[in-house]
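The block underneath contains the structure these notes are about, expressed in C-alpha cells.
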Amino acid sequence: MSFESDLLVWLPHLRRYARALTRDQAWADDLVQDTLERALSKWHWGRSGNLRAWLLTLLRHRFIDQLRARREIAVDDETAPWQHLPAPSNEVDGLLLRDVERALYRLPLEQREVLLLVAVEELSYQDAAKVLQVPVGTVMSRLARGRERMRALLAGPVAGDATSTRAPLKVVKHTP
C-alpha cells in the first residue's frame, strides 16, 4: 500500500475526532484537509511508527494553532451552542445522546481530549500520551477524572446546582 492509501484508511477517524473537537462540520473538514496536507508534506522525513497516532497528533496541533489564531477558548458554560441543540428524531436515544454530548462538553478540555482519544478513537494509553505529549500516568489520571465527572454529570444535578431538586442534607448529631 502507498502512503496516500494508508491516509485514506484513517480519514473517517480524523473526521470524527475533528468534529468532536470543533463541533462545526465545515471547520472540522478544513481541519482534516489541513492535517492531510501537512502529513503529505512531512512524510518524506521518514516517519515511522503508529500512523494513526501521528495523524491525530498533527490534527490536534493544527486545531490548537487555529484556536490561538482565532483567539478562542473552549466554552463550557450555559451559552455554549451544544447546550441548546435540538434532540435527534429518535427521542429516547436522542435525549440520551444529547445528555452525553452536553456532559462531554462540560468536561475540561484536557479530560475531554483523553476521553475522545481512548474511548472513541480506541487509542492505547501510550498512543494517547504521544498524541497529547503528556506522560502515560497523566493520560490515566485525566481519563479517570473525566469518566468520574461524566458519571456525575449524567447521574443528575450536582449538589449546590441551582437546578437541583434534592433537599439539602440534614446534620444529625449522634448522642451516646
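Lettering and numbering for the C-alpha cells are positional, with chains as A, B, ... in the shown order, residues counted from 1 in each chain, and ligands counted from 1 in the shown order.
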#### Entry: Contact residues around Leu154 of chain A with only C-alpha atoms at 9 Å, ignoring same-chain residues under 4 positions, as a ChimeraX atom specification
/A:99-100,103,149-150
Preceding selection exported with N, CA and C atoms as a PDB file, in the first residue's frame:
```pdb
ATOM      1  N   ASP A  99     -27.667  14.289  26.169  1.00  0.00           N
ATOM      2  CA  ASP A  99     -27.151  14.396  27.534  1.00  0.00           C
ATOM      3  C   ASP A  99     -25.681  14.016  27.608  1.00  0.00           C
ATOM      4  N   VAL A 100     -25.297  12.955  26.899  1.00  0.00           N
ATOM      5  CA  VAL A 100     -23.892  12.534  26.877  1.00  0.00           C
ATOM      6  C   VAL A 100     -23.040  13.613  26.223  1.00  0.00           C
ATOM      7  N   ALA A 103     -22.698  16.541  28.590  1.00  0.00           N
ATOM      8  CA  ALA A 103     -21.782  16.195  29.682  1.00  0.00           C
ATOM      9  C   ALA A 103     -20.341  16.206  29.184  1.00  0.00           C
ATOM     10  N   ARG A 149     -16.311  12.375  36.299  1.00  0.00           N
ATOM     11  CA  ARG A 149     -17.092  13.603  36.094  1.00  0.00           C
ATOM     12  C   ARG A 149     -18.265  13.330  35.155  1.00  0.00           C
ATOM     13  N   MET A 150     -18.055  12.529  34.120  1.00  0.00           N
ATOM     14  CA  MET A 150     -19.145  12.173  33.202  1.00  0.00           C
ATOM     15  C   MET A 150     -20.238  11.432  33.955  1.00  0.00           C
TER      16      MET A 150
END
```
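Using only C-alpha atoms, the residues found no farther than 9 Å from segment 10-24 of chain A, other than those of its own chain fewer than 6 positions away, are Leu31, Val32, Thr35, Leu36, Leu51, Arg52, Leu55, Leu56, Leu59, Arg60, Phe63, Pro81, Trp82, Arg112, Glu113, Leu116, Leu117, Val120 and Glu121 of chain A.
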Next, the residues of the selection above should be written as a CSV table (one decimal), in the first residue's frame with C-alpha atoms.
```csv
chain,number,residue,atom,x,y,z
A,31,LEU,CA,-9.0,20.9,9.9
A,32,VAL,CA,-8.8,17.4,8.3
A,35,THR,CA,-3.9,17.8,8.6
A,36,LEU,CA,-3.7,15.7,5.5
A,51,LEU,CA,0.4,6.4,11.6
A,52,ARG,CA,-2.9,6.9,13.3
A,55,LEU,CA,-2.1,11.9,12.2
A,56,LEU,CA,-4.2,12.6,15.4
A,59,LEU,CA,-4.7,17.3,13.8
A,60,ARG,CA,-4.7,18.3,17.4
A,63,PHE,CA,-6.6,22.6,16.0
A,81,PRO,CA,-24.0,26.1,21.3
A,82,TRP,CA,-24.3,22.4,22.2
A,112,ARG,CA,-12.4,15.6,27.0
A,113,GLU,CA,-9.4,15.1,24.7
A,116,LEU,CA,-12.2,11.1,22.9
A,117,LEU,CA,-8.9,9.5,22.1
A,120,VAL,CA,-14.0,6.9,21.0
A,121,GLU,CA,-10.8,6.5,18.9
```
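Between atom CA of Leu123 of chain A and atom CA of Ala53 of chain A the interatomic distance comes to 7.7 Å.
Take atom CA of Arg142 of chain A and atom CA of Arg38 of chain A: the distance between them is 28.6 Å.
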#### Entry: Proximity to His61 of chain A - best of A:Glu101, A:Leu40, A:Leu107, A:Leu132, only C-alpha atoms
A:Leu132
### Query
Between atom CA of Val131 of chain A and atom CA of Val114 of chain A, what is the distance, to one decimal in Å?
9.6 Å
